[in-house]
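Asks: After the structure tokens below, expect a handful of questions from me.
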Amino acid sequence: MKKDVIIYLFFGILIVAGCAGHEKKISRFDFTGPRDPSLIRGFNYTPAYVASPRHHIDCWVHYDSATINFDLNLAKSLNLNQVRIFVPYAVYTEDKDALPAKLRHFVRECHKRGIGVMPVVGSGPWLKDTSLRAQGREWVKFLVNSISNEPGLAFWDVMNEPDWPATPKERVLNNFDNCRFMAKTFHELDPNTPVTIGMAFVDGMIELADYVDVLQFHDYMQTRGQIRNNITRAKEFAAKVNKPLINGEIGCIARANPYDITLQEHMNAKVGWYIWELMIVREGWGPVHGVFYEDGTVRDPSIAAAIMGFFRKRTADILPAVPDKEGWVTKVIDLSDKWLKDPAGTWKDGLDIAETAAHLLEAGELTAMRIPPTQEVEMLRQGEVDQKALKGLIIKFKDQLEPYKLIQPRNN
């Protein structure tokens with residue numbers, strides 16, 4: 001079977017595939033935007049309630065539709081339009097009868113919000129034992145029968161990072177062989193939905209390019225130069241083979257790959273992207289990834305701002321904040337000294353001083369926000385009276401404010 005034409009459009013990529021002399025049906029997904037894959041703004045998704053190492057499995061086995069709907073609304077609030085979600089083969093073996101309805105619910109709820117879906121279908125026992133590939137074909141057929149007619153389906157991602165780790169080489173080659181098998185099977189059983197492979201590196205993406213409709217690489221590099229180099233190599237190759245290009249995973253604070261830096265570089269280069277990941281999964285990647293807590297609050301507002309296209313100024317003409325311009329840093333330092341010296345200083349007055357200091361520290365970006373100062377104050381407010389702890393907090397905040405105290409604060 002030979003594909004004749006590939007058309008990729010916004011809110012997912014639409015492939016129109018045909019056999020010689022026979023035109024295939026067009027996906028029912030409502031594409032209304034420019035035909036530009038660079039406008040893909042995606043996220044990898046795992047609900048915050050699941051735990052490692054079964055988080056991708058339990059996302060489906062313990063599927064919670066209310067949580068899914070809530071989280072998808074969060075994604076929509078950031079104008080995200082694509083989701084990449086893992087569907088391991090183990091879910092099929094554990095939850096075969098219930099899985100189709102769960103898959104359809106997810107894809108349909110995404111579609112309602114203008115979000116296209118890329119399932120990452122992974123691998124199964126046939127990966128290590130090729131004599132079991134009939135099981136792999138059965139798995140593909142099951143997925144195709146379940147959701148291939150859903151208009152919200154955007155791509156099939158047939159394996160995640162088969163090129164990572166890079167050694168042993170024999171394992172990587174075996175993974176690549178599995179990718180070829182899975183890609184061919186999806187193309188045969190569902191010629192209308194584009195196939196991609198979530199390659200960890202540009203080199204791997206290039207090696208398996210003949211088997212995909214959409215090129216995909218991942219990037220967690222540490223410097224802008226490294227990020228730009230990978231993007232440039234990927235774009236040059238994509239142009240050479242005339243295939244759409246996306247980055248399926250970006251953003252990790254533990255790898256010196258800040259969201260605002262990598263998002264800015266990909267947006268500037270006009271490469272569509274998927275952050276890892278939407279939710280802060282407490283018993284998974286949560287300590288180093290994610291935008292939203294389960295209640296919809298965020299850990300770092302700069303991530304949400306970057307997703308919306310707003311980035312911190314880093315050029316020479318920045319205008320640093322002057323938190324003592326109206327004398328409040330000086331005033332709070334004086335109030336802190338007075339309260340600390342007063343044996344009759346009240347709990348309430350001390351908390352108010354600490355909270356005011358916390359607001360100055362946060363608003364002026366004068367301190368690290370790993371544990372926000374306001375959170376420290378709130379924990380004291382909610383607990384029992386502890387004058388010693390409050391004294392320590394006021395001293396800490398006062399010491400942090402001292403360098404920003406002006407000799408002669410100005411009110412204009």
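By convention here, the chains of the structure tokens are called A, B, ... in the order presented, each chain's residues are numbered starting at 1, and ligands are numbered starting at 1 in the order presented.
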Please run DSSP on the backbone and report, as a PyMOL selection string, all residues within range 24-249 of chain A that come out as strand (DSSP E).
Replies: chain A and resi 41-44+82-86+116-120+156-160+195-198+215-219+245-249
Asks: Can those selected residues be exported to a file as a short mmCIF file (atom, residue, chain, number, x, y, z; two decimals), in the first residue's frame so that it contains C-alpha atoms?
Replies:
data_model
loop_
_atom_site.label_atom_id
_atom_site.label_comp_id
_atom_site.auth_asym_id
_atom_site.auth_seq_id
_atom_site.Cartn_x
_atom_site.Cartn_y
_atom_site.Cartn_z
CA ARG A 41 1.34 23.53 21.53
CA GLY A 42 1.27 20.20 23.30
CA PHE A 43 1.75 18.47 26.60
CA ASN A 44 2.53 15.01 27.84
CA GLN A 82 -2.27 18.60 21.58
CA VAL A 83 -1.72 15.87 24.14
CA ARG A 84 0.74 12.98 24.13
CA ILE A 85 -0.40 10.15 26.43
CA PHE A 86 1.07 6.71 27.08
CA GLY A 116 -5.67 16.44 19.40
CA VAL A 117 -4.48 13.15 20.87
CA MET A 118 -1.22 11.27 20.28
CA PRO A 119 -1.27 7.87 22.05
CA VAL A 120 2.16 6.42 22.75
CA TRP A 156 0.07 7.16 16.60
CA ASP A 157 3.40 7.30 18.43
CA VAL A 158 4.60 3.72 18.05
CA MET A 159 7.42 3.73 20.62
CA ASN A 160 8.94 6.12 23.11
CA VAL A 195 2.60 7.63 12.46
CA THR A 196 5.49 9.06 14.44
CA ILE A 197 8.19 7.71 16.76
CA GLY A 198 9.23 9.59 19.90
CA LEU A 215 9.32 13.39 12.39
CA GLN A 216 9.75 13.65 16.16
CA PHE A 217 12.72 14.28 18.43
CA HIS A 218 13.05 15.10 22.13
CA ASP A 219 15.34 17.70 23.63
CA LEU A 245 8.55 18.07 12.43
CA ILE A 246 7.63 18.18 16.12
CA ASN A 247 9.45 17.99 19.43
CA GLY A 248 7.60 15.48 21.62
CA GLU A 249 9.30 16.25 24.96
#
Asks: As number ranges by chain, list the residues of range 14-230 of chain A assigned to alpha helix (DSSP H) by DSSP on the backbone atoms of this structure.
Replies: A: 55-61, 65-77, 89-95, 99-112, 133-147, 169-189, 202-207, 224-230
Asks: Could those selected residues go to a file with C-alpha atoms, as a CSV table (one decimal), in the first residue's frame?
Replies:
chain,number,residue,atom,x,y,z
A,55,HIS,CA,1.7,5.6,36.6
A,56,HIS,CA,1.1,5.1,32.8
A,57,ILE,CA,-0.8,1.9,33.5
A,58,ASP,CA,-2.9,3.1,36.4
A,59,CYS,CA,-3.9,6.2,34.4
A,60,TRP,CA,-6.1,3.8,32.5
A,61,VAL,CA,-6.8,0.9,34.9
A,65,SER,CA,-13.2,10.8,34.2
A,66,ALA,CA,-13.8,13.7,36.6
A,67,THR,CA,-10.0,14.3,37.1
A,68,ILE,CA,-9.4,13.9,33.4
A,69,ASN,CA,-12.0,16.6,32.6
A,70,PHE,CA,-10.6,19.0,35.2
A,71,ASP,CA,-7.1,18.5,33.9
A,72,LEU,CA,-8.1,19.0,30.3
A,73,ASN,CA,-9.8,22.3,31.3
A,74,LEU,CA,-6.5,23.4,32.7
A,75,ALA,CA,-4.8,22.6,29.5
A,76,LYS,CA,-7.4,24.5,27.5
A,77,SER,CA,-6.9,27.5,29.8
A,89,TYR,CA,0.4,-2.9,26.4
A,90,ALA,CA,0.0,-3.9,30.1
A,91,VAL,CA,-3.3,-2.0,30.2
A,92,TYR,CA,-4.6,-4.2,27.4
A,93,THR,CA,-3.7,-7.4,29.4
A,94,GLU,CA,-5.2,-6.0,32.6
A,95,ASP,CA,-8.2,-4.0,31.4
A,99,LEU,CA,-10.2,0.1,27.8
A,100,PRO,CA,-12.0,1.0,24.6
A,101,ALA,CA,-14.6,3.1,26.4
A,102,LYS,CA,-11.9,4.9,28.4
A,103,LEU,CA,-9.9,5.6,25.3
A,104,ARG,CA,-12.9,7.0,23.5
A,105,HIS,CA,-13.9,9.1,26.5
A,106,PHE,CA,-10.4,10.6,26.7
A,107,VAL,CA,-10.2,11.3,22.9
A,108,ARG,CA,-13.7,12.8,22.8
A,109,GLU,CA,-13.2,15.1,25.8
A,110,CYS,CA,-9.9,16.3,24.2
A,111,HIS,CA,-11.7,16.9,21.0
A,112,LYS,CA,-14.4,19.0,22.7
A,133,ARG,CA,4.6,-10.3,16.9
A,134,ALA,CA,1.1,-11.7,16.4
A,135,GLN,CA,0.4,-10.2,19.8
A,136,GLY,CA,1.7,-6.8,18.6
A,137,ARG,CA,-0.5,-6.9,15.6
A,138,GLU,CA,-3.5,-7.8,17.8
A,139,TRP,CA,-2.7,-4.8,20.0
A,140,VAL,CA,-2.5,-2.5,17.0
A,141,LYS,CA,-5.8,-3.8,15.7
A,142,PHE,CA,-7.4,-3.3,19.1
A,143,LEU,CA,-6.3,0.3,19.2
A,144,VAL,CA,-7.3,1.0,15.7
A,145,ASN,CA,-10.7,-0.6,16.2
A,146,SER,CA,-11.2,1.5,19.4
A,147,ILE,CA,-10.4,5.0,18.3
A,169,LYS,CA,23.8,-1.1,20.8
A,170,GLU,CA,22.1,-4.5,20.3
A,171,ARG,CA,19.2,-3.3,22.4
A,172,VAL,CA,18.8,-0.1,20.4
A,173,LEU,CA,18.9,-2.0,17.1
A,174,ASN,CA,16.3,-4.4,18.5
A,175,ASN,CA,14.1,-1.4,19.5
A,176,PHE,CA,14.5,0.1,16.0
A,177,ASP,CA,13.4,-3.2,14.5
A,178,ASN,CA,10.3,-3.1,16.7
A,179,CYS,CA,9.6,0.5,15.6
A,180,ARG,CA,9.6,-0.6,11.9
A,181,PHE,CA,7.3,-3.5,12.7
A,182,MET,CA,4.8,-1.3,14.6
A,183,ALA,CA,4.9,1.6,12.1
A,184,LYS,CA,4.3,-0.8,9.2
A,185,THR,CA,1.4,-2.4,11.1
A,186,PHE,CA,-0.3,0.9,11.9
A,187,HIS,CA,0.1,2.1,8.3
A,188,GLU,CA,-1.5,-1.1,7.1
A,189,LEU,CA,-4.4,-1.2,9.6
A,202,VAL,CA,17.9,13.8,16.2
A,203,ASP,CA,20.2,11.0,14.9
A,204,GLY,CA,17.7,8.4,15.8
A,205,MET,CA,14.9,10.5,14.2
A,206,ILE,CA,17.0,10.6,11.0
A,207,GLU,CA,17.7,6.8,11.0
A,224,ARG,CA,20.6,27.8,24.2
A,225,GLY,CA,23.4,26.9,21.8
A,226,GLN,CA,22.8,23.2,22.2
A,227,ILE,CA,19.0,23.6,21.9
A,228,ARG,CA,19.4,25.6,18.7
A,229,ASN,CA,21.9,23.2,17.2
A,230,ASN,CA,19.4,20.3,17.7
Asks: Return the single residue from A:Val271, A:Ala306, A:Val50, A:Ile395 that is closest to Ile353 in chain A, with distances computed using only C-alpha atoms.
Replies: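 Checking each of A:Val271, A:Ala306, A:Val50, A:Ile395 against Ile353 in chain A, counting only C-alpha atoms, the winner is A:Ile395.
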Asks: Which residues come within 10 Å of range 313-322 of chain A, counting only C-alpha atoms, excluding same-chain residues fewer than 2 positions away, as a list in words?
Replies: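 The neighbour list is Phe310, Phe311, Asp324, Lys325, Glu326, Gly327, Val329, Ala363, Gly364, Glu365, Leu366, Tyr404, Lys405, Leu406 and Pro409 of chain A.
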Asks: Go ahead and write the selection's residues with N, CA and C atoms as an mmCIF file, in the first residue's frame.
Replies:
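selection.cif, written as the output of this step:
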data_model
loop_
_atom_site.group_PDB
_atom_site.id
_atom_site.type_symbol
_atom_site.label_atom_id
_atom_site.label_comp_id
_atom_site.auth_asym_id
_atom_site.auth_seq_id
_atom_site.Cartn_x
_atom_site.Cartn_y
_atom_site.Cartn_z
ATOM 1 N N PHE A 310 4.931 34.387 26.777
ATOM 2 C CA PHE A 310 5.497 35.530 27.484
ATOM 3 C C PHE A 310 6.786 35.102 28.183
ATOM 4 N N PHE A 311 7.869 35.798 27.909
ATOM 5 C CA PHE A 311 9.184 35.388 28.383
ATOM 6 C C PHE A 311 9.884 36.501 29.147
ATOM 7 N N ASP A 324 12.276 49.147 47.597
ATOM 8 C CA ASP A 324 12.224 50.159 48.658
ATOM 9 C C ASP A 324 11.957 51.556 48.107
ATOM 10 N N LYS A 325 11.472 51.643 46.890
ATOM 11 C CA LYS A 325 11.231 52.948 46.264
ATOM 12 C C LYS A 325 10.286 53.803 47.096
ATOM 13 N N GLU A 326 9.321 53.188 47.754
ATOM 14 C CA GLU A 326 8.387 53.933 48.598
ATOM 15 C C GLU A 326 8.640 53.705 50.087
ATOM 16 N N GLY A 327 9.778 53.134 50.406
ATOM 17 C CA GLY A 327 10.199 53.033 51.794
ATOM 18 C C GLY A 327 9.683 51.833 52.562
ATOM 19 N N VAL A 329 10.538 48.569 52.374
ATOM 20 C CA VAL A 329 11.579 47.662 52.853
ATOM 21 C C VAL A 329 12.167 48.216 54.151
ATOM 22 N N ALA A 363 7.287 39.798 45.583
ATOM 23 C CA ALA A 363 6.948 40.757 44.525
ATOM 24 C C ALA A 363 8.198 41.329 43.863
ATOM 25 N N GLY A 364 9.259 41.521 44.643
ATOM 26 C CA GLY A 364 10.498 42.066 44.099
ATOM 27 C C GLY A 364 11.453 41.005 43.590
ATOM 28 N N GLU A 365 11.049 39.726 43.706
ATOM 29 C CA GLU A 365 11.903 38.607 43.310
ATOM 30 C C GLU A 365 13.263 38.690 43.996
ATOM 31 N N LEU A 366 13.210 38.854 45.289
ATOM 32 C CA LEU A 366 14.426 39.028 46.076
ATOM 33 C C LEU A 366 14.894 37.739 46.733
ATOM 34 N N TYR A 404 18.461 45.376 50.104
ATOM 35 C CA TYR A 404 17.636 46.172 49.188
ATOM 36 C C TYR A 404 17.087 47.436 49.857
ATOM 37 N N LYS A 405 17.600 47.743 51.037
ATOM 38 C CA LYS A 405 17.185 48.931 51.750
ATOM 39 C C LYS A 405 17.913 50.138 51.177
ATOM 40 N N LEU A 406 17.144 51.136 50.759
ATOM 41 C CA LEU A 406 17.748 52.363 50.241
ATOM 42 C C LEU A 406 18.100 53.293 51.382
ATOM 43 N N PRO A 409 14.987 56.436 50.721
ATOM 44 C CA PRO A 409 13.867 56.014 49.878
ATOM 45 C C PRO A 409 13.151 57.201 49.279
#
Asks: Might you pull out every residue within 9 Å of Arg299 in chain A, with only C-alpha atoms counted and same-chain residues fewer than 6 positions away left off, and present them as an MDAnalysis selection string?
Replies: chainID A and resid 280 290:293 369:370
Asks: Now that the selection is made, can you save its residues with N, CA and C atoms as a PDB file, in the first residue's frame?
Replies:
ATOM      1  N   ILE A 280       1.830  18.081  37.852  1.00  0.00           N
ATOM      2  CA  ILE A 280       2.893  17.783  38.814  1.00  0.00           C
ATOM      3  C   ILE A 280       2.509  16.473  39.493  1.00  0.00           C
ATOM      4  N   GLY A 290       6.360  19.538  35.281  1.00  0.00           N
ATOM      5  CA  GLY A 290       4.943  19.806  35.483  1.00  0.00           C
ATOM      6  C   GLY A 290       4.611  21.273  35.664  1.00  0.00           C
ATOM      7  N   VAL A 291       3.353  21.592  35.303  1.00  0.00           N
ATOM      8  CA  VAL A 291       2.839  22.955  35.408  1.00  0.00           C
ATOM      9  C   VAL A 291       1.876  23.074  36.578  1.00  0.00           C
ATOM     10  N   PHE A 292       0.872  22.192  36.616  1.00  0.00           N
ATOM     11  CA  PHE A 292      -0.223  22.320  37.567  1.00  0.00           C
ATOM     12  C   PHE A 292      -0.164  21.282  38.682  1.00  0.00           C
ATOM     13  N   TYR A 293      -0.491  21.730  39.894  1.00  0.00           N
ATOM     14  CA  TYR A 293      -0.847  20.800  40.956  1.00  0.00           C
ATOM     15  C   TYR A 293      -2.254  20.285  40.686  1.00  0.00           C
ATOM     16  N   MET A 369      12.123  30.915  45.260  1.00  0.00           N
ATOM     17  CA  MET A 369      10.717  30.593  45.453  1.00  0.00           C
ATOM     18  C   MET A 369      10.461  29.089  45.553  1.00  0.00           C
ATOM     19  N   ARG A 370      11.516  28.317  45.809  1.00  0.00           N
ATOM     20  CA  ARG A 370      11.333  26.864  45.938  1.00  0.00           C
ATOM     21  C   ARG A 370      10.311  26.560  47.031  1.00  0.00           C
TER      22      ARG A 370
END
Asks: From the options A:Ala269, A:Val121, A:Leu361, A:Met199, which residue's atoms come nearest to Glu161 in chain A, counting only C-alpha atoms?
Replies: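 Answer, going by the shortest atom-to-atom distance: A:Met199.
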Asks: If I take CA of Arg255 in chain A and CA of Trp164 in chain A, how far is one from the other in Å, to one decimal?
Replies: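 A separation of 15.7 Å between them.
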